[in-house]
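So the structure is just underneath, and the comments pick up after that.
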Amino acid sequence: MKEVVILGAGYAGLRALHVLQGSKGDFHITLVDKNDYHYEATDLHEVAAGTQPRERISYDIADVVRPQKTTFLQNEVATIDRQSQRIMFTDQTSLSYDYLIVALGFESESFGIPGVNENALEMVDVDSAETIYHHLLKQMKEYKKTQDPDLLKIVVCGAGFTGVELLGSLVENRKEFAEIAGVQSEEIKLFCVEAVTRLLPMFDENLSAYGINNLVKWGVEFLTGKPIKEIKPGVVVYQTDAETGATEELSAKTIIWTTGVSGSHVMADSNYAARRGRVMVNQDLSDPEHSNVFVVGDVSAVMDPATNRPYPTTAQIALKMGYQAAKNCLHLIKGEKTEDFHFESLGSVASIGNTHAFGLVGKMPVKGYPASFVKKAIMDRSLFLTGGVKEVLAKGRFDFYH
Ligand code: NAD
């Protein structure tokens, strides 16, 4: 019997599992993850801001594993040895495979900027998102005692999709923070420091302006065209003049780092030629050196023939990659030819709080409350594609499910 190993129970890994478990064949699957739960990485900002508890965006991996076909192994991958077809774990144990799907996901990217790892909060998994929320509650309680205005200041570093969605949720939960601190909501000061001036370039100017202008209207102060050069304890240092290199400082007791992501460090540790943790794969998602290995999701870079650039790292693309890698694994097991990866975007929507959103559905711009409805549908779709009906009913965003 052939052994198929899936590394990572994120969007891509669980989508692959879903397809493989639903297919006939003489193979056994081992799913590996360091946690015993899956979390919806696109919803981490809600846990960080405290608008959703962690249980709402995560579910037990055991819920989606069919024991007749799959073994779940909770362990942390150290390296992949593609020559001997073995996975080496941090506890010195190992596991062999015939076919491998690598879906190890993302990590926060500090770009080597001094002080980021030590002095900023990252938001990369449920634990780190929850840490942000608890940190915020602590600052608010501390303010009540000391009245230090920096305790009420929150700086989000980077105005990408993640930063903007986080700001939206922080605005939404400002009332809770203000009540704990004993102040008015407007006294909770939200800042966003961003390197470029044209925000959210994947959308046209009207659409991104809609999102940003709403956040400004709700009190967020954007400092754009200001690349961050250093994070000191309680201080963001950003450049104000590229020619002279002049900098200014913004003090705040909460500094959250959302300037982009890289793929898992396991890729470079396993001697992959990875750029920011992403491995350039063949069009069928296979490893260029080992055709029995597929690399998907945020650790993978596959060329979009339309733009001649790699597809971005999004949940939607990870789900489709997981699907295609599983199909191609099945082809190999049957001795058939693999198929190339094709992707047609369904669009992308950024939420700004629970009732506002903006983005594209297909190529059509959407904004406001209807867009937030679309966003909830997108969230439920990913729950359905990784978990199934049970997870949508338990964690879905439409109240009529409850
Ligand atoms: P990103 O790379 O999209 O955005 C990071 C932002 O940080 C950019 O605007 C960049 O200019 C800025 N930045 C980088 N270095 C900086 C510095 N030194 N100082 C100040 N600003 C700096 O990263 P992300 O927002 O984490 O998103 C990662 C991926 O996930 C993207 O492909 C994104 O589209 C996707 N995503 C999608 C959704 C969604 O569809 N709703 C949600 C979250 C993330």
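Following the order of the structure tokens, chains are lettered A, B, ..., residues in each are numbered from 1, and ligands are numbered from 1.
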
Please identify the residues whose atoms come within 7 Å of ligand 1, using only C-alpha atoms and all ligand atoms, and report them as JSON, numbers by chain.
{"A": [42, 157, 158, 159, 160, 161, 162, 163, 193, 194, 195, 196, 199, 200, 226, 227, 228, 229, 258, 259, 260, 261, 312, 313, 314, 315, 348, 349, 350, 351]}

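DSSP annotation of stretch 266-303 of chain A from backbone atoms: alpha helix (DSSP H) residues are Val266, Met267, Ala268 and Asp269 of chain A.
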
Would you output that residue set with C-alpha atoms, as a CSV table (one decimal), in the first residue's frame?
```
chain,number,residue,atom,x,y,z
A,266,VAL,CA,11.3,24.3,6.9
A,267,MET,CA,11.7,24.8,3.2
A,268,ALA,CA,15.1,26.5,3.4
A,269,ASP,CA,16.1,24.1,6.3
```

Any chance you could tabulate, as CSV, the residues of stretch 198-255 of chain A at most 9 Å from stretch 131-152 of chain A with each one's nearest atom pair and distance in Å to one decimal, using only C-alpha atoms, in chain and rising number order?
```
residue,atom,partner,partner_atom,distance
A:Gly234,CA,A:Asp150,CA,8.3
A:Ser251,CA,A:Asp150,CA,6.5
A:Ala252,CA,A:Asp150,CA,4.7
A:Lys253,CA,A:Leu151,CA,5.1
A:Thr254,CA,A:Leu136,CA,7.1
```

Generate the output file for the selected residues, all heavy atoms, as a PDB file, in the first residue's frame.
```
ATOM      1  N   GLY A 234       8.284  49.896  22.608  1.00  0.00           N
ATOM      2  CA  GLY A 234       7.253  50.940  22.677  1.00  0.00           C
ATOM      3  C   GLY A 234       7.417  52.065  21.677  1.00  0.00           C
ATOM      4  O   GLY A 234       6.782  53.117  21.823  1.00  0.00           O
ATOM      5  N   SER A 251       5.381  56.698  19.496  1.00  0.00           N
ATOM      6  CA  SER A 251       5.395  55.816  20.664  1.00  0.00           C
ATOM      7  C   SER A 251       4.020  55.204  20.886  1.00  0.00           C
ATOM      8  O   SER A 251       2.994  55.850  20.660  1.00  0.00           O
ATOM      9  CB  SER A 251       5.853  56.590  21.906  1.00  0.00           C
ATOM     10  OG  SER A 251       4.935  57.624  22.177  1.00  0.00           O
ATOM     11  N   ALA A 252       3.987  53.956  21.308  1.00  0.00           N
ATOM     12  CA  ALA A 252       2.736  53.246  21.586  1.00  0.00           C
ATOM     13  C   ALA A 252       3.075  51.966  22.333  1.00  0.00           C
ATOM     14  O   ALA A 252       4.108  51.362  22.073  1.00  0.00           O
ATOM     15  CB  ALA A 252       2.020  52.892  20.284  1.00  0.00           C
ATOM     16  N   LYS A 253       2.187  51.575  23.222  1.00  0.00           N
ATOM     17  CA  LYS A 253       2.462  50.348  23.992  1.00  0.00           C
ATOM     18  C   LYS A 253       2.008  49.090  23.238  1.00  0.00           C
ATOM     19  O   LYS A 253       2.339  47.986  23.646  1.00  0.00           O
ATOM     20  CB  LYS A 253       1.761  50.402  25.362  1.00  0.00           C
ATOM     21  CG  LYS A 253       2.310  51.483  26.279  1.00  0.00           C
ATOM     22  CD  LYS A 253       3.713  51.157  26.793  1.00  0.00           C
ATOM     23  CE  LYS A 253       4.167  52.188  27.804  1.00  0.00           C
ATOM     24  NZ  LYS A 253       5.615  52.316  27.888  1.00  0.00           N
ATOM     25  N   THR A 254       1.233  49.277  22.154  1.00  0.00           N
ATOM     26  CA  THR A 254       0.866  48.104  21.347  1.00  0.00           C
ATOM     27  C   THR A 254       1.315  48.336  19.910  1.00  0.00           C
ATOM     28  O   THR A 254       0.856  49.281  19.250  1.00  0.00           O
ATOM     29  CB  THR A 254      -0.668  47.867  21.387  1.00  0.00           C
ATOM     30  OG1 THR A 254      -1.069  47.710  22.754  1.00  0.00           O
ATOM     31  CG2 THR A 254      -1.044  46.608  20.609  1.00  0.00           C
TER      32      THR A 254
END
```

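Interatomic distance, atom CA of A:Cys192 to atom CA of A:Leu104: 29.2 Å.
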
My list of candidates is A:Phe89, A:Tyr11, A:Phe373, A:Phe177. Which is closest to A:Lys189 when distances are computed with only C-alpha atoms?
A:Phe177

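Using only C-alpha atoms, the residues found no farther than 10 Å from A:Leu100, other than those of its own chain fewer than 5 positions away, are A:Glu3, A:Val4, A:Val5, A:Ile6, A:Leu7, A:Ile29, A:Thr30, A:Ile80, A:Arg82, A:Gln85, A:Arg86, A:Ile87, A:Ser286, A:Asp287, A:His290, A:Ser291, A:Asn292, A:Val293, A:Phe294, A:Val295, A:Ala325, A:Ala326, A:Cys329.
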
Filtering to N, CA, C and O atoms, could you give me those residues as a tab-separated table (two decimals), in the first residue's frame?
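Done, and the output landed in again-v9.tsv:
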```tsv
chain	number	residue	atom	x	y	z
A	3	GLU	N	2.01	5.12	0.70
A	3	GLU	CA	1.82	6.05	1.82
A	3	GLU	C	1.86	7.49	1.30
A	3	GLU	O	2.87	7.91	0.72
A	4	VAL	N	0.75	8.20	1.49
A	4	VAL	CA	0.71	9.62	1.11
A	4	VAL	C	0.80	10.44	2.40
A	4	VAL	O	-0.02	10.24	3.30
A	5	VAL	N	1.77	11.32	2.47
A	5	VAL	CA	1.90	12.17	3.66
A	5	VAL	C	1.55	13.61	3.28
A	5	VAL	O	2.01	14.12	2.25
A	6	ILE	N	0.72	14.22	4.12
A	6	ILE	CA	0.38	15.65	3.94
A	6	ILE	C	0.97	16.40	5.13
A	6	ILE	O	0.68	16.06	6.28
A	7	LEU	N	1.80	17.39	4.85
A	7	LEU	CA	2.39	18.20	5.93
A	7	LEU	C	1.63	19.51	6.03
A	7	LEU	O	1.69	20.34	5.13
A	29	ILE	N	-3.18	7.53	4.16
A	29	ILE	CA	-2.76	8.94	4.29
A	29	ILE	C	-2.29	9.19	5.73
A	29	ILE	O	-2.91	8.71	6.67
A	30	THR	N	-1.19	9.93	5.88
A	30	THR	CA	-0.85	10.46	7.21
A	30	THR	C	-0.85	11.98	7.10
A	30	THR	O	-0.17	12.55	6.23
A	80	ILE	N	12.66	18.03	5.61
A	80	ILE	CA	12.18	17.01	4.67
A	80	ILE	C	13.43	16.48	3.96
A	80	ILE	O	14.17	17.27	3.37
A	82	ARG	N	14.35	14.60	0.96
A	82	ARG	CA	13.72	14.10	-0.26
A	82	ARG	C	14.49	12.93	-0.87
A	82	ARG	O	13.93	12.15	-1.61
A	85	GLN	N	13.29	10.05	1.20
A	85	GLN	CA	11.82	10.12	1.31
A	85	GLN	C	11.37	9.99	2.77
A	85	GLN	O	10.50	9.18	3.10
A	86	ARG	N	11.97	10.82	3.61
A	86	ARG	CA	11.62	10.79	5.03
A	86	ARG	C	11.39	12.20	5.56
A	86	ARG	O	12.08	13.14	5.16
A	87	ILE	N	10.44	12.29	6.50
A	87	ILE	CA	10.21	13.55	7.21
A	87	ILE	C	10.90	13.42	8.56
A	87	ILE	O	10.71	12.42	9.27
A	286	SER	N	4.36	20.11	-8.85
A	286	SER	CA	5.37	19.18	-8.33
A	286	SER	C	6.70	19.88	-8.14
A	286	SER	O	7.02	20.89	-8.78
A	287	ASP	N	7.45	19.32	-7.21
A	287	ASP	CA	8.80	19.74	-6.90
A	287	ASP	C	9.65	19.53	-8.17
A	287	ASP	O	9.61	18.44	-8.76
A	290	HIS	N	11.78	16.38	-7.63
A	290	HIS	CA	11.19	15.11	-7.15
A	290	HIS	C	9.71	15.08	-7.53
A	290	HIS	O	8.89	15.75	-6.90
A	291	SER	N	9.37	14.27	-8.54
A	291	SER	CA	8.01	14.32	-9.06
A	291	SER	C	6.98	13.71	-8.12
A	291	SER	O	5.78	13.88	-8.33
A	292	ASN	N	7.41	13.01	-7.06
A	292	ASN	CA	6.45	12.45	-6.09
A	292	ASN	C	6.15	13.43	-4.94
A	292	ASN	O	5.47	13.08	-3.99
A	293	VAL	N	6.70	14.65	-5.05
A	293	VAL	CA	6.47	15.67	-4.01
A	293	VAL	C	5.73	16.86	-4.62
A	293	VAL	O	6.13	17.37	-5.68
A	294	PHE	N	4.66	17.29	-3.96
A	294	PHE	CA	3.93	18.48	-4.40
A	294	PHE	C	4.06	19.55	-3.31
A	294	PHE	O	4.00	19.22	-2.12
A	295	VAL	N	4.25	20.78	-3.75
A	295	VAL	CA	4.45	21.87	-2.79
A	295	VAL	C	3.34	22.90	-3.04
A	295	VAL	O	3.21	23.42	-4.15
A	325	ALA	N	-3.13	19.28	-6.13
A	325	ALA	CA	-2.05	18.39	-5.69
A	325	ALA	C	-2.61	17.01	-5.35
A	325	ALA	O	-2.02	15.98	-5.70
A	326	ALA	N	-3.76	16.98	-4.68
A	326	ALA	CA	-4.38	15.69	-4.33
A	326	ALA	C	-4.76	14.93	-5.61
A	326	ALA	O	-4.50	13.73	-5.73
A	329	CYS	N	-1.64	13.57	-7.17
A	329	CYS	CA	-1.16	12.42	-6.41
A	329	CYS	C	-1.93	11.17	-6.84
A	329	CYS	O	-1.34	10.10	-7.07
```

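The gap separating atom CA of A:Ser185 from atom CA of A:Arg54 is 24.2 Å, in Å to one decimal.
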
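Distance-wise, atom CA of A:Tyr369 and atom CA of A:Glu165 end up 15.0 Å apart.
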
List as a ChimeraX atom specification the protein and nucleic acid residues near stretch 21-25 of chain A, meaning an atom at most 12 Å away when only C-alpha atoms are counted, but skip any in the same chain fewer than 5 places from it.
/A:1-4,6,14-16,30-31,64-71,323,326-327,329-335,386,388
